[in-house]
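**Student:** Below is input16.txt; it holds compact mmCIF, C-alpha atoms and all ligand atoms.
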```txt
# COMPACT_ATOMS: atom_id res chain seq x y z
CA MET A 1 -22.54 11.45 56.69
CA ASN A 2 -21.67 12.23 53.08
CA SER A 3 -24.29 13.22 50.53
CA ARG A 4 -24.64 9.85 48.84
CA GLU A 5 -28.23 9.32 47.70
CA THR A 6 -28.20 5.62 48.56
CA LEU A 7 -27.17 6.26 52.17
CA PHE A 8 -29.99 7.39 54.42
CA VAL A 9 -31.68 7.00 57.77
CA ALA A 10 -35.12 5.38 57.99
CA ASP A 11 -36.93 4.39 61.21
CA GLY A 12 -33.84 5.38 63.17
CA LYS A 13 -31.62 2.97 61.23
CA LEU A 14 -28.85 3.56 58.74
CA ASN A 15 -29.75 2.14 55.33
CA ILE A 16 -27.61 1.45 52.29
CA GLY A 17 -29.72 1.02 49.18
CA ASN A 18 -32.51 -1.35 50.22
CA PHE A 19 -30.58 -2.80 53.16
CA GLU A 20 -30.30 -1.93 56.82
CA ALA A 21 -26.62 -1.59 57.65
CA SER A 22 -26.95 -3.58 60.88
CA ALA A 23 -28.65 -6.42 58.97
CA LEU A 24 -25.69 -6.60 56.57
CA ALA A 25 -23.38 -6.69 59.61
CA ARG A 26 -25.36 -9.61 61.08
CA LYS A 27 -25.37 -11.50 57.79
CA TYR A 28 -21.72 -11.09 56.80
CA GLY A 29 -20.08 -10.39 60.16
CA THR A 30 -17.88 -7.44 61.13
CA PRO A 31 -15.65 -5.75 60.28
CA LEU A 32 -17.29 -5.46 56.88
CA TYR A 33 -16.52 -3.18 53.95
CA VAL A 34 -19.68 -2.22 52.05
CA MET A 35 -19.32 -0.65 48.59
CA ASP A 36 -22.16 1.09 46.76
CA GLY A 37 -22.09 -0.03 43.13
CA ASP A 38 -24.59 2.60 42.00
CA HIS A 39 -22.55 5.44 43.40
CA ILE A 40 -19.39 4.16 41.70
CA GLU A 41 -21.19 3.74 38.39
CA ASN A 42 -22.76 7.18 38.62
CA LEU A 43 -19.42 8.87 39.30
CA CYS A 44 -17.73 7.03 36.43
CA LYS A 45 -20.45 8.15 34.02
CA LYS A 46 -20.36 11.75 35.22
CA MET A 47 -16.55 11.88 34.86
CA ILE A 48 -16.75 10.37 31.37
CA ASP A 49 -19.35 13.03 30.46
CA ALA A 50 -17.06 15.77 31.81
CA VAL A 51 -14.25 14.63 29.52
CA ALA A 52 -16.63 14.25 26.58
CA ALA A 53 -17.71 17.88 27.07
CA TYR A 54 -14.06 18.83 26.41
CA GLY A 55 -13.50 16.55 23.46
CA ASP A 56 -11.31 13.48 22.90
CA GLY A 57 -10.08 11.79 26.03
CA ALA A 58 -10.51 9.10 28.64
CA VAL A 59 -11.09 8.63 32.35
CA ALA A 60 -8.56 6.18 33.77
CA TYR A 61 -9.53 4.92 37.21
CA ALA A 62 -6.55 4.74 39.57
CA SER A 63 -6.84 1.10 40.63
CA LYS A 64 -4.70 1.59 43.71
CA ALA A 65 -7.59 3.34 45.50
CA PHE A 66 -9.66 0.13 45.57
CA ALA A 67 -9.34 -2.70 43.10
CA THR A 68 -11.33 -5.91 42.82
CA LYS A 69 -12.50 -7.97 39.88
CA ALA A 70 -16.13 -6.95 40.43
CA THR A 71 -15.50 -3.20 40.53
CA THR A 72 -13.11 -3.45 37.58
CA ARG A 73 -15.80 -5.23 35.53
CA LEU A 74 -18.40 -2.68 36.55
CA MET A 75 -16.18 0.26 35.58
CA ASP A 76 -14.98 -1.37 32.36
CA LYS A 77 -18.60 -1.82 31.28
CA VAL A 78 -19.32 1.91 31.52
CA GLY A 79 -16.21 2.78 29.50
CA MET A 80 -13.51 3.54 32.04
CA TRP A 81 -9.79 3.14 31.39
CA PHE A 82 -7.46 2.08 34.18
CA ASP A 83 -4.16 2.93 35.84
CA ALA A 84 -1.92 0.16 37.09
CA VAL A 85 1.05 0.78 39.38
CA SER A 86 2.27 -2.77 39.85
CA GLY A 87 2.39 -6.15 38.19
CA GLY A 88 -0.34 -7.25 40.59
CA GLU A 89 -2.71 -4.50 39.48
CA LEU A 90 -1.87 -5.20 35.84
CA HIS A 91 -2.71 -8.87 36.42
CA LEU A 92 -6.04 -7.96 38.02
CA LEU A 93 -6.97 -5.70 35.09
CA LEU A 94 -5.98 -8.23 32.42
CA THR A 95 -7.73 -11.13 34.14
CA SER A 96 -10.83 -8.95 34.52
CA GLY A 97 -10.96 -8.60 30.74
CA VAL A 98 -9.87 -4.95 30.41
CA ASN A 99 -8.65 -4.01 26.93
CA PRO A 100 -4.86 -3.61 27.44
CA LYS A 101 -4.94 -0.48 25.27
CA HIS A 102 -7.02 1.09 28.06
CA ILE A 103 -4.32 0.48 30.67
CA ILE A 104 -1.79 3.11 31.71
CA PHE A 105 1.22 1.68 33.52
CA HIS A 106 2.65 3.94 36.22
CA GLY A 107 5.34 3.56 38.85
CA ASN A 108 8.51 5.36 39.88
CA ALA A 109 10.53 2.15 40.37
CA LYS A 110 9.11 -0.44 38.00
CA THR A 111 10.76 -3.85 38.21
CA GLU A 112 12.22 -5.75 35.24
CA ARG A 113 9.32 -8.15 35.48
CA GLU A 114 6.73 -5.36 35.48
CA ILE A 115 8.33 -3.74 32.43
CA ARG A 116 8.42 -7.11 30.64
CA GLU A 117 4.81 -7.92 31.52
CA GLY A 118 3.51 -4.48 30.57
CA VAL A 119 5.21 -4.50 27.16
CA SER A 120 4.14 -8.07 26.55
CA ALA A 121 0.51 -7.24 27.43
CA ASP A 122 0.50 -4.31 24.94
CA VAL A 123 -0.62 -1.76 27.53
CA GLY A 124 -1.75 1.54 26.03
CA TYR A 125 0.86 3.71 27.67
CA PHE A 126 3.85 3.33 29.94
CA VAL A 127 4.42 6.46 32.00
CA ILE A 128 8.18 6.91 32.16
CA ASP A 129 9.18 8.27 35.55
CA SER A 130 13.00 8.04 35.64
CA ILE A 131 16.16 8.13 33.55
CA SER A 132 16.90 4.45 34.06
CA GLU A 133 13.40 3.54 32.88
CA ILE A 134 14.11 5.11 29.48
CA ASP A 135 16.94 2.65 28.81
CA ARG A 136 15.23 -0.31 30.43
CA LEU A 137 11.91 0.15 28.63
CA ASP A 138 13.57 0.88 25.27
CA ALA A 139 15.65 -2.30 25.62
CA GLU A 140 12.68 -4.46 26.64
CA ALA A 141 10.47 -3.20 23.82
CA GLY A 142 13.40 -3.93 21.45
CA ARG A 143 13.72 -7.48 22.80
CA GLN A 144 10.00 -8.06 22.19
CA GLY A 145 10.14 -6.40 18.76
CA LYS A 146 7.62 -3.72 19.79
CA LYS A 147 7.27 0.04 19.67
CA GLN A 148 5.91 1.01 23.10
CA GLU A 149 3.86 4.20 23.34
CA VAL A 150 4.85 6.29 26.33
CA LEU A 151 3.93 9.34 28.36
CA VAL A 152 6.54 11.15 30.42
CA ARG A 153 5.81 12.03 34.01
CA ILE A 154 6.56 15.67 34.61
CA ASN A 155 6.84 17.32 37.99
CA PRO A 156 5.18 20.69 37.31
CA LEU A 157 6.30 22.05 40.71
CA VAL A 158 2.86 22.81 42.07
CA SER A 159 2.36 22.44 45.80
CA ALA A 160 -1.24 21.39 46.08
CA HIS A 161 -2.94 22.33 49.32
CA THR A 162 -3.23 18.94 50.92
CA TYR A 163 -1.47 16.70 53.40
CA PHE A 164 2.33 16.44 52.85
CA ALA A 165 2.48 12.67 52.23
CA VAL A 166 -0.11 12.94 49.46
CA GLN A 167 1.49 15.92 47.68
CA THR A 168 3.27 14.60 44.65
CA ALA A 169 4.45 17.61 42.67
CA ALA A 170 6.30 19.72 45.23
CA PRO A 171 10.02 20.40 44.71
CA ASN A 172 12.02 17.29 45.72
CA SER A 173 9.07 14.96 45.12
CA LYS A 174 10.21 11.44 44.24
CA PHE A 175 8.02 11.52 41.12
CA GLY A 176 8.78 12.62 37.58
CA PHE A 177 11.15 14.91 35.69
CA ASP A 178 11.56 18.50 36.90
CA ILE A 179 9.76 20.85 34.48
CA GLU A 180 12.26 23.63 35.13
CA LYS A 181 15.40 21.53 34.85
CA ASP A 182 15.90 18.50 32.66
CA ALA A 183 12.40 17.48 31.52
CA LEU A 184 12.84 18.88 28.01
CA ASP A 185 16.15 17.06 27.47
CA TYR A 186 14.68 13.76 28.58
CA VAL A 187 11.63 14.11 26.37
CA LYS A 188 14.01 14.74 23.44
CA ASP A 189 15.96 11.63 24.41
CA ILE A 190 12.80 9.52 24.67
CA ASN A 191 11.55 10.89 21.35
CA SER A 192 14.76 9.71 19.67
CA ARG A 193 14.59 6.13 21.01
CA LYS A 194 14.11 3.37 18.46
CA ASN A 195 11.58 1.30 20.39
CA LEU A 196 9.67 4.05 22.19
CA VAL A 197 6.95 6.25 20.75
CA PHE A 198 6.59 9.53 22.62
CA LYS A 199 2.87 10.31 22.87
CA GLY A 200 2.65 12.93 25.58
CA LEU A 201 2.96 14.12 29.14
CA HIS A 202 1.60 13.13 32.51
CA ILE A 203 1.25 14.94 35.82
CA HIS A 204 -0.36 14.03 39.13
CA ILE A 205 -0.11 16.82 41.67
CA GLY A 206 -1.49 15.14 44.78
CA SER A 207 -4.55 13.72 46.45
CA GLN A 208 -7.59 14.93 48.43
CA ILE A 209 -7.41 18.31 46.68
CA TYR A 210 -10.48 20.57 46.74
CA GLY A 211 -11.49 22.70 43.80
CA HIS A 212 -9.51 23.38 40.65
CA SER A 213 -7.09 26.22 41.45
CA SER A 214 -4.00 24.02 41.95
CA TYR A 215 -4.86 22.18 38.73
CA ASP A 216 -5.24 25.46 36.84
CA VAL A 217 -1.68 26.44 37.76
CA ALA A 218 -0.46 23.03 36.61
CA VAL A 219 -2.44 23.22 33.34
CA ASP A 220 -0.91 26.60 32.48
CA LYS A 221 2.59 25.29 33.12
CA MET A 222 1.96 22.19 31.03
CA VAL A 223 0.63 24.17 28.08
CA ASP A 224 3.75 26.35 28.19
CA PHE A 225 5.82 23.18 28.22
CA ILE A 226 3.91 21.78 25.24
CA VAL A 227 4.75 25.00 23.38
CA LYS A 228 8.45 24.44 24.19
CA LEU A 229 8.20 20.90 22.84
CA GLY A 230 6.65 22.27 19.66
CA GLU A 231 9.60 24.62 19.25
CA VAL A 232 11.94 21.63 19.03
CA GLY A 233 9.57 19.80 16.69
CA ILE A 234 7.99 17.39 19.18
CA ASN A 235 4.24 16.91 19.13
CA CYS A 236 2.36 16.26 22.38
CA HIS A 237 -0.62 14.13 21.41
CA THR A 238 -1.81 13.24 24.93
CA LEU A 239 -1.96 15.20 28.16
CA ASP A 240 -2.71 13.18 31.28
CA LEU A 241 -3.64 15.42 34.20
CA GLY A 242 -3.70 12.76 36.92
CA GLY A 243 -6.27 12.51 39.70
CA GLY A 244 -6.50 13.81 43.25
CA TYR A 245 -10.05 15.19 43.52
CA GLY A 246 -11.16 15.42 47.13
CA VAL A 247 -14.01 13.68 48.94
CA TYR A 248 -16.02 14.43 52.08
CA TYR A 249 -14.73 12.76 55.23
CA THR A 250 -15.88 15.15 57.98
CA ASP A 251 -17.52 18.55 58.29
CA GLU A 252 -14.07 20.11 57.80
CA ASP A 253 -14.42 19.10 54.13
CA PRO A 254 -16.79 20.45 51.49
CA LYS A 255 -19.72 18.21 50.52
CA PHE A 256 -19.64 16.70 47.06
CA THR A 257 -22.11 15.14 44.67
CA PRO A 258 -21.15 13.22 41.53
CA GLU A 259 -22.17 16.36 39.59
CA SER A 260 -20.04 18.74 41.63
CA THR A 261 -17.00 16.45 41.42
CA ALA A 262 -17.42 16.11 37.67
CA ASN A 263 -17.77 19.90 37.43
CA ILE A 264 -14.27 20.33 38.87
CA VAL A 265 -12.96 18.22 36.00
CA LYS A 266 -15.07 20.21 33.51
CA ASN A 267 -13.58 23.46 34.82
CA ILE A 268 -10.01 22.19 34.57
CA LEU A 269 -10.55 20.97 31.02
CA ALA A 270 -12.31 24.19 30.00
CA ARG A 271 -9.22 26.08 31.10
CA LEU A 272 -7.02 23.68 29.15
CA ALA A 273 -9.13 24.26 26.01
CA VAL A 274 -8.80 28.04 26.37
CA LYS A 275 -5.06 27.86 27.05
CA VAL A 276 -4.21 25.71 24.05
CA ALA A 277 -6.39 27.89 21.80
CA GLU A 278 -4.50 30.98 23.03
CA LYS A 279 -1.25 29.35 21.99
CA GLY A 280 -2.60 28.28 18.64
CA LEU A 281 -2.36 24.60 19.51
CA GLY A 282 -4.86 21.82 18.88
CA LYS A 283 -6.58 20.18 21.85
CA PRO A 284 -4.57 17.24 23.15
CA PHE A 285 -6.24 13.89 23.85
CA VAL A 286 -6.85 14.31 27.55
CA ILE A 287 -6.77 11.75 30.35
CA VAL A 288 -7.87 12.25 33.95
CA GLU A 289 -7.15 9.66 36.61
CA PRO A 290 -9.56 9.85 39.55
CA GLY A 291 -9.17 7.22 42.26
CA ARG A 292 -10.42 8.39 45.64
CA SER A 293 -13.27 10.48 44.19
CA ILE A 294 -14.76 7.46 42.38
CA VAL A 295 -14.78 5.00 45.28
CA GLY A 296 -14.17 6.99 48.50
CA GLU A 297 -17.70 7.97 49.43
CA ALA A 298 -19.07 4.74 47.94
CA GLY A 299 -17.59 2.80 50.84
CA ILE A 300 -18.54 2.44 54.48
CA THR A 301 -17.10 0.08 57.05
CA LEU A 302 -19.25 -1.64 59.66
CA TYR A 303 -17.85 -2.62 63.04
CA THR A 304 -19.04 -4.12 66.29
CA VAL A 305 -18.23 -2.26 69.50
CA ASN A 306 -16.21 -4.57 71.76
CA ALA A 307 -15.09 -2.28 74.57
CA ILE A 308 -15.65 1.21 75.95
CA LYS A 309 -13.19 3.13 78.16
CA ASP A 310 -14.08 6.53 79.55
CA PHE A 311 -11.21 8.60 81.01
CA GLY A 312 -13.26 11.77 81.27
CA VAL A 313 -10.93 13.78 79.06
CA LYS A 314 -11.03 11.01 76.49
CA LYS A 315 -13.51 8.29 75.73
CA TYR A 316 -12.53 5.28 73.66
CA VAL A 317 -15.00 3.21 71.73
CA ALA A 318 -12.99 0.15 70.71
CA ILE A 319 -14.19 -1.72 67.64
CA ASP A 320 -13.28 -5.02 66.00
CA GLY A 321 -11.33 -3.36 63.15
CA GLY A 322 -8.30 -1.12 63.12
CA MET A 323 -5.16 -0.23 61.21
CA PHE A 324 -5.06 -3.65 59.53
CA GLU A 325 -8.16 -2.71 57.53
CA ASN A 326 -7.86 1.11 57.64
CA PRO A 327 -4.35 2.47 58.25
CA ARG A 328 -5.14 6.02 57.13
CA HIS A 329 -5.24 7.62 60.57
CA ALA A 330 -1.94 5.97 61.49
CA LEU A 331 -0.42 7.05 58.15
CA TYR A 332 -1.88 10.49 57.55
CA ASP A 333 -3.70 11.51 60.73
CA SER A 334 -6.94 11.21 58.78
CA GLN A 335 -10.32 11.83 60.33
CA TYR A 336 -13.62 10.10 59.67
CA SER A 337 -17.23 10.55 60.66
CA ALA A 338 -19.23 7.71 62.18
CA ILE A 339 -22.70 6.73 63.33
CA VAL A 340 -24.24 4.06 65.56
CA CYS A 341 -26.28 2.29 62.87
CA ASP A 342 -29.43 1.54 64.84
CA LYS A 343 -29.36 4.77 66.85
CA ALA A 344 -29.04 6.93 63.78
CA ASP A 345 -31.87 9.24 64.89
CA GLU A 346 -30.43 9.87 68.35
CA PRO A 347 -28.40 13.03 68.96
CA MET A 348 -24.61 12.82 68.81
CA THR A 349 -24.03 13.76 72.44
CA GLU A 350 -20.67 12.03 72.80
CA LYS A 351 -17.18 12.85 71.65
CA VAL A 352 -15.27 9.60 71.23
CA THR A 353 -12.10 8.17 69.80
CA LEU A 354 -12.74 5.10 67.69
CA ALA A 355 -9.89 2.78 68.57
CA GLY A 356 -8.87 -0.35 66.71
CA LYS A 357 -7.93 -3.73 68.18
CA CYS A 358 -4.24 -3.75 67.17
CA CYS A 359 -1.43 -3.56 69.68
CA GLU A 360 -0.42 0.02 68.90
CA SER A 361 -1.52 3.21 70.64
CA GLY A 362 -1.64 4.80 67.19
CA ASP A 363 -4.23 2.26 66.07
CA ILE A 364 -7.05 4.76 65.79
CA ILE A 365 -9.72 5.13 63.12
CA ALA A 366 -10.99 8.58 64.14
CA GLU A 367 -10.10 10.84 67.06
CA ASP A 368 -12.53 12.87 69.19
CA VAL A 369 -15.45 12.61 66.80
CA PRO A 370 -19.14 13.08 67.57
CA LEU A 371 -21.17 9.90 68.06
CA GLN A 372 -24.42 8.70 69.60
CA LYS A 373 -24.05 6.96 72.96
CA ALA A 374 -22.59 3.61 71.94
CA GLU A 375 -22.77 0.38 73.92
CA VAL A 376 -20.87 -2.88 73.63
CA GLY A 377 -22.50 -4.90 70.85
CA ASP A 378 -23.67 -1.89 68.82
CA VAL A 379 -22.85 -1.77 65.12
CA VAL A 380 -20.98 1.39 64.16
CA ALA A 381 -20.58 2.61 60.58
CA VAL A 382 -17.60 4.71 59.50
CA PHE A 383 -18.21 6.70 56.32
CA THR A 384 -16.09 7.34 53.23
CA THR A 385 -13.88 4.29 53.62
CA GLY A 386 -14.04 3.16 49.98
CA ALA A 387 -10.61 4.50 48.99
CA TYR A 388 -7.25 3.47 50.41
CA ASN A 389 -8.71 1.23 53.11
CA TYR A 390 -9.16 -2.25 51.65
CA SER A 391 -6.34 -1.55 49.19
CA MET A 392 -3.99 -0.69 52.06
CA SER A 393 -5.08 -3.51 54.36
CA SER A 394 -2.62 -5.93 55.93
CA ASN A 395 -2.55 -8.92 58.25
CA TYR A 396 -1.01 -7.00 61.16
CA ASN A 397 -1.49 -8.93 64.39
CA LEU A 398 -2.58 -11.71 62.01
CA ASN A 399 -5.99 -10.14 61.74
CA ALA A 400 -7.92 -11.32 58.70
CA VAL A 401 -8.64 -8.83 55.91
CA PRO A 402 -12.44 -8.35 56.10
CA PRO A 403 -14.85 -9.27 53.30
CA VAL A 404 -16.24 -6.70 50.87
CA VAL A 405 -19.94 -6.63 50.01
CA MET A 406 -21.31 -4.63 47.10
CA VAL A 407 -24.81 -3.20 47.29
CA LYS A 408 -26.66 -2.15 44.16
CA VAL A 409 -30.11 -0.90 45.21
CA ASP A 410 -31.91 -4.20 45.85
CA LYS A 411 -28.91 -6.50 45.45
CA ALA A 412 -26.13 -7.25 47.91
CA ASP A 413 -23.34 -9.78 47.39
CA LEU A 414 -19.82 -10.56 48.44
CA ILE A 415 -17.23 -9.26 45.97
CA VAL A 416 -14.29 -10.26 48.15
CA LYS A 417 -14.53 -13.09 50.64
CA GLY A 418 -13.14 -12.51 54.10
CA GLN A 419 -9.79 -14.15 54.75
CA THR A 420 -9.72 -17.31 56.81
CA TYR A 421 -6.97 -18.24 59.27
CA GLU A 422 -5.77 -20.69 56.62
CA ASP A 423 -5.56 -17.86 54.05
CA ILE A 424 -3.39 -15.85 56.40
CA LEU A 425 -0.91 -18.70 56.84
CA ARG A 426 -1.10 -20.04 53.26
CA ASN A 427 2.41 -18.96 52.27
CA ASN A 428 4.15 -19.95 55.49
CA VAL A 429 6.83 -22.59 54.97
CA VAL A 430 8.77 -24.43 57.66
CA PRO A 431 12.10 -25.71 56.29
CA GLU A 432 12.84 -29.26 57.45
CA TRP A 433 16.09 -28.15 59.14
CA ILE A 434 14.15 -26.30 61.86
C1 LIG B 1 -2.76 7.84 43.09
C2 LIG B 1 -2.76 8.32 41.72
C3 LIG B 1 -3.95 8.76 41.13
C4 LIG B 1 -5.26 8.83 41.88
O1 LIG B 1 -5.24 9.73 42.95
P1 LIG B 1 -6.57 9.98 43.78
O2 LIG B 1 -6.17 10.99 44.79
O3 LIG B 1 -6.97 8.71 44.39
O4 LIG B 1 -7.58 10.50 42.81
C5 LIG B 1 -3.91 9.14 39.81
N1 LIG B 1 -2.76 9.10 39.10
C6 LIG B 1 -1.60 8.68 39.63
C7 LIG B 1 -0.39 8.62 38.81
C8 LIG B 1 -1.55 8.28 40.96
O5 LIG B 1 -0.41 7.87 41.48
```
Kindly return the structure encoded in the file as structure tokens.

**Tutor:**
Amino acid sequence: MNSRETLFVADGKLNIGNFEASALARKYGTPLYVMDGDHIENLCKKMIDAVAAYGDGAVAYASKAFATKATTRLMDKVGMWFDAVSGGELHLLLTSGVNPKHIIFHGNAKTEREIREGVSADVGYFVIDSISEIDRLDAEAGRQGKKQEVLVRINPLVSAHTYFAVQTAAPNSKFGFDIEKDALDYVKDINSRKNLVFKGLHIHIGSQIYGHSSYDVAVDKMVDFIVKLGEVGINCHTLDLGGGYGVYYTDEDPKFTPESTANIVKNILARLAVKVAEKGLGKPFVIVEPGRSIVGEAGITLYTVNAIKDFGVKKYVAIDGGMFENPRHALYDSQYSAIVCDKADEPMTEKVTLAGKCCESGDIIAEDVPLQKAEVGDVVAVFTTGAYNYSMSSNYNLNAVPPVVMVKVDKADLIVKGQTYEDILRNNVVPEWI
């Protein structure tokens, strides 16, 4: 169990805010995503404070981790900015009332439509990620008679210590311009474009990274690069350091509190302040882009146990969810910790594999993890499912994407309704020639 204050055991039962987890499962059905609004709000505020301690800047929440209208509204209210990586995310942010100037538009292969919609919406920054995007964005801004402010995604060549698929700044990464090769030439090119306004640089070195040492290496490299830009007369107004701060999934991970997570950001920015001062530069406007660390531990998923198979060497507890609502084990070999909600006081004497209901042997949520003795019908909670679960869900096996409930101390409400069978088939069309 992570160290969230609103998650605790009372009378042998798992509670979330003022609600028993098993009671929420009975009311809304399972599988059920439950998000803790207080935890999200607290983290947003602490991150904003961490940036304020440095100076001018913003915290842009990476929508891809978990995005709904309700959470967007909640974060917007406390002063967050937002990342979008698709036209769909941009649409969600705009329809949720986010100031377009607070939107940063990312993506390594933006479509014509996305470029058109982003320019037309007056998003704060486009983050240019490729050579072709320079021409395409310049042309589109010209067509709309606008000067689009841009950041340039740089690959600082820092191999963060995390899982391969979530490293994004190693050599040969698909993201950004290589800091040691052509980045400077492309920034010069962008700076000379008629309809683009070069505002600064962006990096994002990976995800589920602990501590600040990988970031420190990246910060040093970026400050050196800013010096090089200065030498050719280009001013870097904004430095966007990306996200990637880790969360607690299992006892293999450190434990975090909102304070300790925010302290990592404070440390990174303190180093940045020292570095720029050393080089005689002013402090850039700084942006950080946490995703997972804002919503990860805020989420738990509730399941009902439908089957148990004990092979001696391996015991499966099969639940009514799976890779359609949490594909992270299948994708990244991720691990989770779990609890039997109404046996929360009992010792974890079992070692079980939580298996999903999809027709794939790889449909696992967590492998060989400690658990109380579970029986068919028990409600099981899996922790730290707030990031990259709902946002990565699918209709595999035509399973419905589960509902999302938000709890805020004494309030609990749906923020996303569960899909119906009709929802799943809504876009099916049968041509009359069949
Ligand atoms: C995914 C992503 C983030 C957020 O990463 P987390 O690991 O969820 O914090 C931030 N910035 C960019 C550009 C990203 O692609």

**Student:** Given a cut-off of 6 Å, what residues near ligand LIG 1 (chain B) show up using all atoms listed in the file, put as a PDB file with C-alpha atoms, in the frame of the given file?

**Tutor:**
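Once written, pocket_35.pdb looks like this:
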```pdb
ATOM      1  CA  ALA A  62      -6.550   4.740  39.570  1.00  0.00           C
ATOM      2  CA  ALA A  65      -7.590   3.340  45.500  1.00  0.00           C
ATOM      3  CA  HIS A 204      -0.360  14.030  39.130  1.00  0.00           C
ATOM      4  CA  SER A 207      -4.550  13.720  46.450  1.00  0.00           C
ATOM      5  CA  GLN A 208      -7.590  14.930  48.430  1.00  0.00           C
ATOM      6  CA  GLY A 242      -3.700  12.760  36.920  1.00  0.00           C
ATOM      7  CA  GLY A 243      -6.270  12.510  39.700  1.00  0.00           C
ATOM      8  CA  GLY A 244      -6.500  13.810  43.250  1.00  0.00           C
ATOM      9  CA  TYR A 245     -10.050  15.190  43.520  1.00  0.00           C
ATOM     10  CA  GLU A 289      -7.150   9.660  36.610  1.00  0.00           C
ATOM     11  CA  PRO A 290      -9.560   9.850  39.550  1.00  0.00           C
ATOM     12  CA  GLY A 291      -9.170   7.220  42.260  1.00  0.00           C
ATOM     13  CA  ARG A 292     -10.420   8.390  45.640  1.00  0.00           C
ATOM     14  CA  SER A 293     -13.270  10.480  44.190  1.00  0.00           C
TER      15      SER A 293
END
```

**Student:** Choose the residue, out of A:Pro31, A:Ala400, A:His212, A:Glu117, that has the smallest atom-to-atom separation from A:Tyr303; count all atoms listed in the file.

**Tutor:**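 Smallest separation from A:Tyr303 among the options: A:Pro31.
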
**Student:** Quick one: distance from atom CA of A:Ile209 to atom CA of A:Met1 in Å, one decimal?

**Tutor:**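 Pair atom CA of A:Ile209 / atom CA of A:Met1 returns 19.4 Å.
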
**Student:** Could you give me, as a VMD selection string, the residues within 8 Å of A:Phe105, counting only C-alpha atoms and dropping anything in the same chain fewer than 3 positions from it?

**Tutor:** chain A and resid 83 to 86 90 118 123 125 to 127

**Student:** Residues within 8 Å of stretch 7-12 of chain A, please, as a PyMOL selection string. Count all atoms listed in the file; anything in the same chain fewer than 4 positions from it doesn't count.

**Tutor:** chain A and resi 3+16-17+342-346

**Student:** Out of A:Val78, A:Met392, A:Ala412, A:Ile131, which residue has the shortest atom-to-atom distance to A:Ile190 when counting all atoms listed in the file?

**Tutor:** A:Ile131

**Student:** With all atoms listed in the file as the basis for distance, which of A:Asp410, A:Glu5, A:Cys358, A:Tyr388 is at the shortest distance from A:Phe19?

**Tutor:** A:Asp410

**Student:** Select, counting all atoms listed in the file, all protein, DNA and RNA residues no farther than 10 Å from (-17.5, 4.7, 54.8) in file coordinates, and express the selection as an MDAnalysis selection string.

**Tutor:** chainID A and resid 1:2 33:36 249 295:302 336:338 381:387 389

**Student:** Have a look at A:Ala141, A:Ala53, A:Leu93, A:Val407 and name the one nearest to A:Asn18; count only C-alpha atoms.

**Tutor:**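 Comparing A:Ala141, A:Ala53, A:Leu93, A:Val407 against A:Asn18, the winner is A:Val407.
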
**Student:** Determine the nearest neighbour of A:Thr68 from the options A:Cys44, A:Leu94, A:Val340, A:Ala270, counting only C-alpha atoms.

**Tutor:** A:Leu94

**Student:** Figure out the distance between atom CA of A:Ile128 and atom CA of A:Gly107, please, to one decimal in Å.

**Tutor:**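 So the answer is 8.0 Å.
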
**Student:** Taking the partial coordinates given, rebuild stretch 425-432 of chain A to contain N, CA, C and O atoms; return it as a short mmCIF file (atom, residue, chain, number, x, y, z; two decimals), keeping the file's coordinate frame.

**Tutor:**
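Result saved to selection.cif:
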```
data_model
loop_
_atom_site.label_atom_id
_atom_site.label_comp_id
_atom_site.auth_asym_id
_atom_site.auth_seq_id
_atom_site.Cartn_x
_atom_site.Cartn_y
_atom_site.Cartn_z
N LEU A 425 -2.14 -17.91 56.69
CA LEU A 425 -0.91 -18.70 56.84
C LEU A 425 -0.50 -19.44 55.57
O LEU A 425 0.50 -20.16 55.56
N ARG A 426 -1.28 -19.26 54.49
CA ARG A 426 -1.10 -20.04 53.26
C ARG A 426 0.35 -20.09 52.77
O ARG A 426 0.82 -21.13 52.33
N ASN A 427 1.06 -18.99 52.85
CA ASN A 427 2.41 -18.96 52.27
C ASN A 427 3.51 -19.21 53.29
O ASN A 427 4.68 -19.07 52.98
N ASN A 428 3.13 -19.60 54.50
CA ASN A 428 4.15 -19.95 55.49
C ASN A 428 4.77 -21.29 55.13
O ASN A 428 4.08 -22.23 54.73
N VAL A 429 6.10 -21.36 55.27
CA VAL A 429 6.83 -22.59 54.97
C VAL A 429 7.75 -22.86 56.14
O VAL A 429 8.41 -21.95 56.65
N VAL A 430 7.82 -24.08 56.61
CA VAL A 430 8.77 -24.43 57.66
C VAL A 430 9.83 -25.35 57.06
O VAL A 430 9.54 -26.51 56.74
N PRO A 431 11.06 -24.85 56.86
CA PRO A 431 12.10 -25.71 56.29
C PRO A 431 12.35 -26.90 57.20
O PRO A 431 12.20 -26.80 58.43
N GLU A 432 12.75 -28.04 56.62
CA GLU A 432 12.84 -29.26 57.45
C GLU A 432 14.00 -29.22 58.42
O GLU A 432 14.04 -29.98 59.38
#
```
